[in-house]
Each structure stands twice: as C-alpha cells, then as structure tokens.
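Have a look at final32.pdb; it's PDB, C-alpha atoms:
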```pdb
ATOM      1  CA  MET A   1       0.000   0.000   0.000  1.00  0.00           C
ATOM      2  CA  ILE A   2       1.282   3.484  -0.877  1.00  0.00           C
ATOM      3  CA  ALA A   3       1.083   6.197   1.821  1.00  0.00           C
ATOM      4  CA  GLU A   4       0.247   8.890  -0.713  1.00  0.00           C
ATOM      5  CA  ASP A   5      -1.159   8.421  -4.172  1.00  0.00           C
ATOM      6  CA  PRO A   6       0.428  11.028  -6.496  1.00  0.00           C
ATOM      7  CA  GLU A   7      -2.609  10.975  -8.762  1.00  0.00           C
ATOM      8  CA  HIS A   8      -5.163  11.702  -5.992  1.00  0.00           C
ATOM      9  CA  GLY A   9      -3.090  13.861  -3.605  1.00  0.00           C
ATOM     10  CA  TYR A  10      -2.401  13.916   0.118  1.00  0.00           C
ATOM     11  CA  GLY A  11      -4.630  11.703   2.270  1.00  0.00           C
ATOM     12  CA  ALA A  12      -5.640   9.418  -0.596  1.00  0.00           C
ATOM     13  CA  VAL A  13      -4.424   5.906  -1.236  1.00  0.00           C
ATOM     14  CA  VAL A  14      -5.297   3.169  -3.676  1.00  0.00           C
ATOM     15  CA  THR A  15      -6.104  -0.038  -1.802  1.00  0.00           C
ATOM     16  CA  ALA A  16      -5.092  -3.520  -2.979  1.00  0.00           C
ATOM     17  CA  SER A  17      -8.532  -3.979  -4.527  1.00  0.00           C
ATOM     18  CA  GLY A  18      -8.040  -0.777  -6.583  1.00  0.00           C
ATOM     19  CA  ARG A  19     -10.469   1.341  -4.563  1.00  0.00           C
ATOM     20  CA  VAL A  20      -9.369   4.902  -3.720  1.00  0.00           C
ATOM     21  CA  SER A  21      -9.604   5.641   0.001  1.00  0.00           C
ATOM     22  CA  VAL A  22      -9.561   9.345   0.904  1.00  0.00           C
ATOM     23  CA  ALA A  23      -9.117  10.778   4.403  1.00  0.00           C
ATOM     24  CA  ARG A  24     -10.454  14.264   5.022  1.00  0.00           C
ATOM     25  CA  GLU A  25     -10.367  16.388   8.129  1.00  0.00           C
ATOM     26  CA  TYR A  26     -13.735  16.602   9.875  1.00  0.00           C
ATOM     27  CA  GLN A  27     -15.004  20.168  10.088  1.00  0.00           C
ATOM     28  CA  PRO A  28     -18.180  20.533  12.131  1.00  0.00           C
ATOM     29  CA  THR A  29     -20.629  23.084  10.835  1.00  0.00           C
ATOM     30  CA  LYS A  30     -22.350  25.557  13.072  1.00  0.00           C
ATOM     31  CA  PRO A  31     -26.133  25.431  12.851  1.00  0.00           C
ATOM     32  CA  GLU A  32     -27.574  28.485  11.184  1.00  0.00           C
ATOM     33  CA  LEU A  33     -29.890  30.201  13.612  1.00  0.00           C
ATOM     34  CA  PRO A  34     -32.253  32.953  12.564  1.00  0.00           C
ATOM     35  CA  PHE A  35     -31.008  35.279  15.330  1.00  0.00           C
ATOM     36  CA  SER A  36     -27.727  36.116  17.007  1.00  0.00           C
ATOM     37  CA  SER A  37     -27.582  36.216  20.805  1.00  0.00           C
ATOM     38  CA  VAL A  38     -27.748  40.032  20.705  1.00  0.00           C
ATOM     39  CA  GLN A  39     -30.846  39.928  18.499  1.00  0.00           C
ATOM     40  CA  LEU A  40     -32.471  37.334  20.769  1.00  0.00           C
ATOM     41  CA  ALA A  41     -31.771  39.531  23.802  1.00  0.00           C
ATOM     42  CA  ARG A  42     -33.330  42.505  22.004  1.00  0.00           C
ATOM     43  CA  LEU A  43     -36.435  40.501  21.080  1.00  0.00           C
ATOM     44  CA  ASP A  44     -36.721  39.047  24.591  1.00  0.00           C
ATOM     45  CA  GLU A  45     -36.497  42.527  26.098  1.00  0.00           C
ATOM     46  CA  ALA A  46     -39.215  43.827  23.755  1.00  0.00           C
ATOM     47  CA  LEU A  47     -41.507  40.899  24.637  1.00  0.00           C
ATOM     48  CA  THR A  48     -40.895  41.381  28.360  1.00  0.00           C
ATOM     49  CA  LEU A  49     -41.471  45.142  28.277  1.00  0.00           C
ATOM     50  CA  SER A  50     -44.619  44.754  26.178  1.00  0.00           C
ATOM     51  CA  ALA A  51     -46.084  42.197  28.570  1.00  0.00           C
ATOM     52  CA  ARG A  52     -45.074  44.139  31.669  1.00  0.00           C
ATOM     53  CA  SER A  53     -46.427  47.480  30.467  1.00  0.00           C
ATOM     54  CA  THR A  54     -49.747  46.173  29.097  1.00  0.00           C
ATOM     55  CA  GLY A  55     -50.546  43.132  31.207  1.00  0.00           C
ATOM     56  CA  LEU A  56     -51.101  41.166  27.993  1.00  0.00           C
ATOM     57  CA  GLY A  57     -49.126  38.064  27.073  1.00  0.00           C
ATOM     58  CA  PHE A  58     -47.154  38.702  23.889  1.00  0.00           C
ATOM     59  CA  SER A  59     -45.447  35.895  21.984  1.00  0.00           C
ATOM     60  CA  VAL A  60     -43.747  35.443  18.628  1.00  0.00           C
ATOM     61  CA  TYR A  61     -43.772  32.351  16.417  1.00  0.00           C
ATOM     62  CA  LEU A  62     -41.284  32.097  13.565  1.00  0.00           C
ATOM     63  CA  GLY A  63     -41.637  29.219  11.124  1.00  0.00           C
ATOM     64  CA  ASP A  64     -43.881  27.493   8.627  1.00  0.00           C
ATOM     65  CA  LEU A  65     -47.578  28.297   9.055  1.00  0.00           C
ATOM     66  CA  GLY A  66     -48.984  25.394   7.046  1.00  0.00           C
ATOM     67  CA  GLU A  67     -51.546  25.485   4.250  1.00  0.00           C
ATOM     68  CA  ASP A  68     -54.283  27.384   6.099  1.00  0.00           C
ATOM     69  CA  THR A  69     -52.117  29.957   7.864  1.00  0.00           C
ATOM     70  CA  ARG A  70     -54.896  31.627   9.858  1.00  0.00           C
ATOM     71  CA  ALA A  71     -56.246  28.341  11.235  1.00  0.00           C
ATOM     72  CA  PHE A  72     -52.733  27.197  12.139  1.00  0.00           C
ATOM     73  CA  VAL A  73     -51.952  30.416  14.028  1.00  0.00           C
ATOM     74  CA  GLU A  74     -55.328  30.411  15.788  1.00  0.00           C
ATOM     75  CA  GLY A  75     -54.553  26.854  16.905  1.00  0.00           C
ATOM     76  CA  LEU A  76     -51.187  27.976  18.281  1.00  0.00           C
ATOM     77  CA  HIS A  77     -52.903  30.839  20.096  1.00  0.00           C
ATOM     78  CA  ALA A  78     -55.495  28.484  21.595  1.00  0.00           C
ATOM     79  CA  GLU A  79     -52.683  26.355  23.062  1.00  0.00           C
ATOM     80  CA  SER A  80     -52.166  29.177  25.583  1.00  0.00           C
ATOM     81  CA  GLY A  81     -55.161  27.749  27.460  1.00  0.00           C
ATOM     82  CA  GLU A  82     -56.795  30.124  29.934  1.00  0.00           C
ATOM     83  CA  ALA A  83     -54.176  32.793  29.182  1.00  0.00           C
ATOM     84  CA  ALA A  84     -55.337  32.970  25.546  1.00  0.00           C
ATOM     85  CA  ALA A  85     -57.944  35.616  26.381  1.00  0.00           C
ATOM     86  CA  ALA A  86     -55.246  38.151  27.264  1.00  0.00           C
ATOM     87  CA  ALA A  87     -52.672  36.908  24.757  1.00  0.00           C
ATOM     88  CA  VAL A  88     -51.320  38.310  21.504  1.00  0.00           C
ATOM     89  CA  LEU A  89     -49.493  36.027  19.072  1.00  0.00           C
ATOM     90  CA  ILE A  90     -47.420  37.365  16.206  1.00  0.00           C
ATOM     91  CA  ALA A  91     -46.661  34.585  13.708  1.00  0.00           C
ATOM     92  CA  VAL A  92     -44.182  35.127  10.887  1.00  0.00           C
ATOM     93  CA  SER A  93     -43.242  32.801   8.050  1.00  0.00           C
ATOM     94  CA  PRO A  94     -40.494  34.395   5.948  1.00  0.00           C
ATOM     95  CA  THR A  95     -40.562  31.563   3.408  1.00  0.00           C
ATOM     96  CA  GLN A  96     -44.319  31.872   2.926  1.00  0.00           C
ATOM     97  CA  ARG A  97     -44.152  35.658   3.154  1.00  0.00           C
ATOM     98  CA  ARG A  98     -46.978  35.699   5.712  1.00  0.00           C
ATOM     99  CA  VAL A  99     -47.554  37.589   8.959  1.00  0.00           C
ATOM    100  CA  GLU A 100     -50.519  36.851  11.201  1.00  0.00           C
ATOM    101  CA  VAL A 101     -51.542  38.522  14.467  1.00  0.00           C
ATOM    102  CA  VAL A 102     -54.054  36.714  16.673  1.00  0.00           C
ATOM    103  CA  THR A 103     -55.582  38.278  19.763  1.00  0.00           C
ATOM    104  CA  GLY A 104     -57.741  36.828  22.513  1.00  0.00           C
ATOM    105  CA  ALA A 105     -61.049  38.134  23.883  1.00  0.00           C
ATOM    106  CA  GLU A 106     -59.481  40.673  26.280  1.00  0.00           C
ATOM    107  CA  SER A 107     -56.609  41.674  24.015  1.00  0.00           C
ATOM    108  CA  THR A 108     -59.041  42.231  21.100  1.00  0.00           C
ATOM    109  CA  ARG A 109     -60.849  44.900  23.132  1.00  0.00           C
ATOM    110  CA  ARG A 110     -57.556  46.707  23.667  1.00  0.00           C
ATOM    111  CA  LEU A 111     -56.081  46.075  20.213  1.00  0.00           C
ATOM    112  CA  PRO A 112     -58.549  46.798  17.425  1.00  0.00           C
ATOM    113  CA  ASP A 113     -57.993  45.316  13.972  1.00  0.00           C
ATOM    114  CA  ARG A 114     -56.779  48.665  12.659  1.00  0.00           C
ATOM    115  CA  ALA A 115     -53.944  48.764  15.204  1.00  0.00           C
ATOM    116  CA  CYS A 116     -52.933  45.192  14.361  1.00  0.00           C
ATOM    117  CA  ASN A 117     -52.969  45.967  10.630  1.00  0.00           C
ATOM    118  CA  LEU A 118     -50.771  49.026  11.129  1.00  0.00           C
ATOM    119  CA  ALA A 119     -48.316  46.969  13.183  1.00  0.00           C
ATOM    120  CA  VAL A 120     -48.234  44.288  10.472  1.00  0.00           C
ATOM    121  CA  MET A 121     -47.580  46.896   7.764  1.00  0.00           C
ATOM    122  CA  SER A 122     -44.717  48.310   9.828  1.00  0.00           C
ATOM    123  CA  MET A 123     -43.246  44.843  10.369  1.00  0.00           C
ATOM    124  CA  VAL A 124     -43.519  43.967   6.667  1.00  0.00           C
ATOM    125  CA  ALA A 125     -41.708  47.183   5.723  1.00  0.00           C
ATOM    126  CA  SER A 126     -38.818  46.214   8.015  1.00  0.00           C
ATOM    127  CA  PHE A 127     -38.835  42.613   6.792  1.00  0.00           C
ATOM    128  CA  LYS A 128     -38.491  43.813   3.201  1.00  0.00           C
ATOM    129  CA  GLU A 129     -35.351  45.686   4.253  1.00  0.00           C
ATOM    130  CA  GLY A 130     -33.958  42.465   5.738  1.00  0.00           C
ATOM    131  CA  ASP A 131     -34.480  43.466   9.378  1.00  0.00           C
ATOM    132  CA  LEU A 132     -36.489  40.613  10.910  1.00  0.00           C
ATOM    133  CA  VAL A 133     -35.764  41.451  14.546  1.00  0.00           C
ATOM    134  CA  GLY A 134     -36.218  45.189  14.028  1.00  0.00           C
ATOM    135  CA  GLY A 135     -39.602  44.549  12.430  1.00  0.00           C
ATOM    136  CA  LEU A 136     -40.734  42.331  15.282  1.00  0.00           C
ATOM    137  CA  VAL A 137     -39.531  44.818  17.911  1.00  0.00           C
ATOM    138  CA  SER A 138     -41.243  47.769  16.217  1.00  0.00           C
ATOM    139  CA  GLY A 139     -44.442  45.740  15.809  1.00  0.00           C
ATOM    140  CA  LEU A 140     -44.398  44.804  19.485  1.00  0.00           C
ATOM    141  CA  ARG A 141     -43.810  48.429  20.427  1.00  0.00           C
ATOM    142  CA  MET A 142     -46.721  49.612  18.275  1.00  0.00           C
ATOM    143  CA  LEU A 143     -49.068  46.974  19.678  1.00  0.00           C
ATOM    144  CA  SER A 144     -48.128  47.664  23.288  1.00  0.00           C
ATOM    145  CA  ASP A 145     -48.504  51.436  22.758  1.00  0.00           C
ATOM    146  CA  GLN A 146     -51.969  50.887  21.310  1.00  0.00           C
ATOM    147  CA  ALA A 147     -53.022  48.485  24.107  1.00  0.00           C
ATOM    148  CA  GLY A 148     -52.076  51.021  26.756  1.00  0.00           C
ATOM    149  CA  PRO A 149     -51.048  50.401  30.348  1.00  0.00           C
ATOM    150  CA  ALA A 150     -52.078  47.330  32.343  1.00  0.00           C
ATOM    151  CA  ARG A 151     -55.528  47.525  33.841  1.00  0.00           C
ATOM    152  CA  ASN A 152     -56.231  46.442  37.381  1.00  0.00           C
TER     153      ASN A 152
END
```
This entry written out as structure tokens:
Amino acid sequence: MIAEDPEHGYGAVVTASGRVSVAREYQPTKPELPFSSVQLARLDEALTLSARSTGLGFSVYLGDLGEDTRAFVEGLHAESGEAAAAAVLIAVSPTQRRVEVVTGAESTRRLPDRACNLAVMSMVASFKEGDLVGGLVSGLRMLSDQAGPARN
C-alpha cells in the first residue's frame, strides 16, 4: 500500500482492490440560527417590556404556518389555554411571506384590527429591508402602545 497516491493527492491511497480511500479532516458546521444572541436579547427585552407594560401576554412564532395559515396560528394561540384571552401572538413565516396577528377576547378589546394591521404593515416594511428582529420589535412596540397600560 502506498502512503500517498500522487494521482489523488495527500490523504488518498489506492487499496489492494483498486479502490481509492480518501481521508479528510472533519469540520463541524455551526447550525444556522435565525437570530444572534444580541438579536435574541433585544427581542426578549421587547416581549418582556410589552407584557409588563400592558398586562397582555405577547409571543412570537417564527416558522412554517402550514396550508391554512390563519387556522394554524389560531390553533397555536389556543394552546395558551386560559391565558389565551389576554394573549397576543405574532406569527411570521419568511418563506411563505406571511404575517398573522391573533388576539384573545381581552386583548381584542384593547387592540382593534386597525392597530394590528398598522403593526403588520410596519413589520412587513422592516422585513423587506432584511431586518427581521427590528420589524418584530417595532411591531411589538406599536401593539403595546396601542393596548395602553395594564388595567387592574
């Protein structure tokens, strides 16, 4: 057996059966995440401040929304259980180019459809510029401003 096959280069040898065996250095790949740690911290802070200032439960879903996007997002919202009445879910699917906002019974009274539509338009404008986190943060800010302070 030859330690290095001149035809195939370093790390390759031709075995006795004529097969070429090639050794390559393993290089692990980092998983591609949609957000950096700084962006996640920024989004987490926006969610926390929105919930704290309004008393509503804000959440963000990022991913595929299925065939019937509205039904899928309403199902996700319903999974909040008893908290769904005072919850607001922002669902974004960049690949499907869809944004859905679902509100519960209490949050609907404080966030009319017009306010949700304006927030979605603002988010979409940021998304088109390639700023996913900035769009989500500005949308959360708009929704929490419209909902007003927590009610006792």
I'd like the box whose edges run along x, y and z of the file and which contains every listed atom of range 115-123 of chain A, padded by 4 Å per side; could you state its centre and edge lengths in Å, one decimal, as lines of an AutoDock Vina configuration file?
```
center_x = -48.6
center_y = 46.7
center_z = 11.5
size_x = 18.7
size_y = 12.7
size_z = 15.4
```
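Between CA of Met142 in chain A and CA of Val120 in chain A there is a distance of 9.6 Å.
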Run the PyMOL selection byres ((chain A and resi 59-67) around 8) mentally over the shown coordinates, then write out the matched residues as an MDAnalysis selection string, using the chain letters and numbers from the document.
chainID A and resid 47 57:58 68:69 72:73 87:96
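Across the structure, CA of Phe127 in chain A and CA of Gln146 in chain A are spaced 21.3 Å apart.
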Do you know which residues the PyMOL selection byres ((chain A and resi 31-42) around 12) returns on this file, as a list in words?
Pro28, Thr29, Lys30, Leu43, Asp44, Glu45, Ala46, Leu47, Thr48, Leu49, Val60, Leu62, Gly63, Ser93, Pro94, Gly130, Asp131, Leu132, Val133, Gly134, Gly135, Leu136, Val137, Ser138 and Leu140 of chain A
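CA of Ser50 in chain A is positioned 22.5 Å from CA of Arg98 in chain A.
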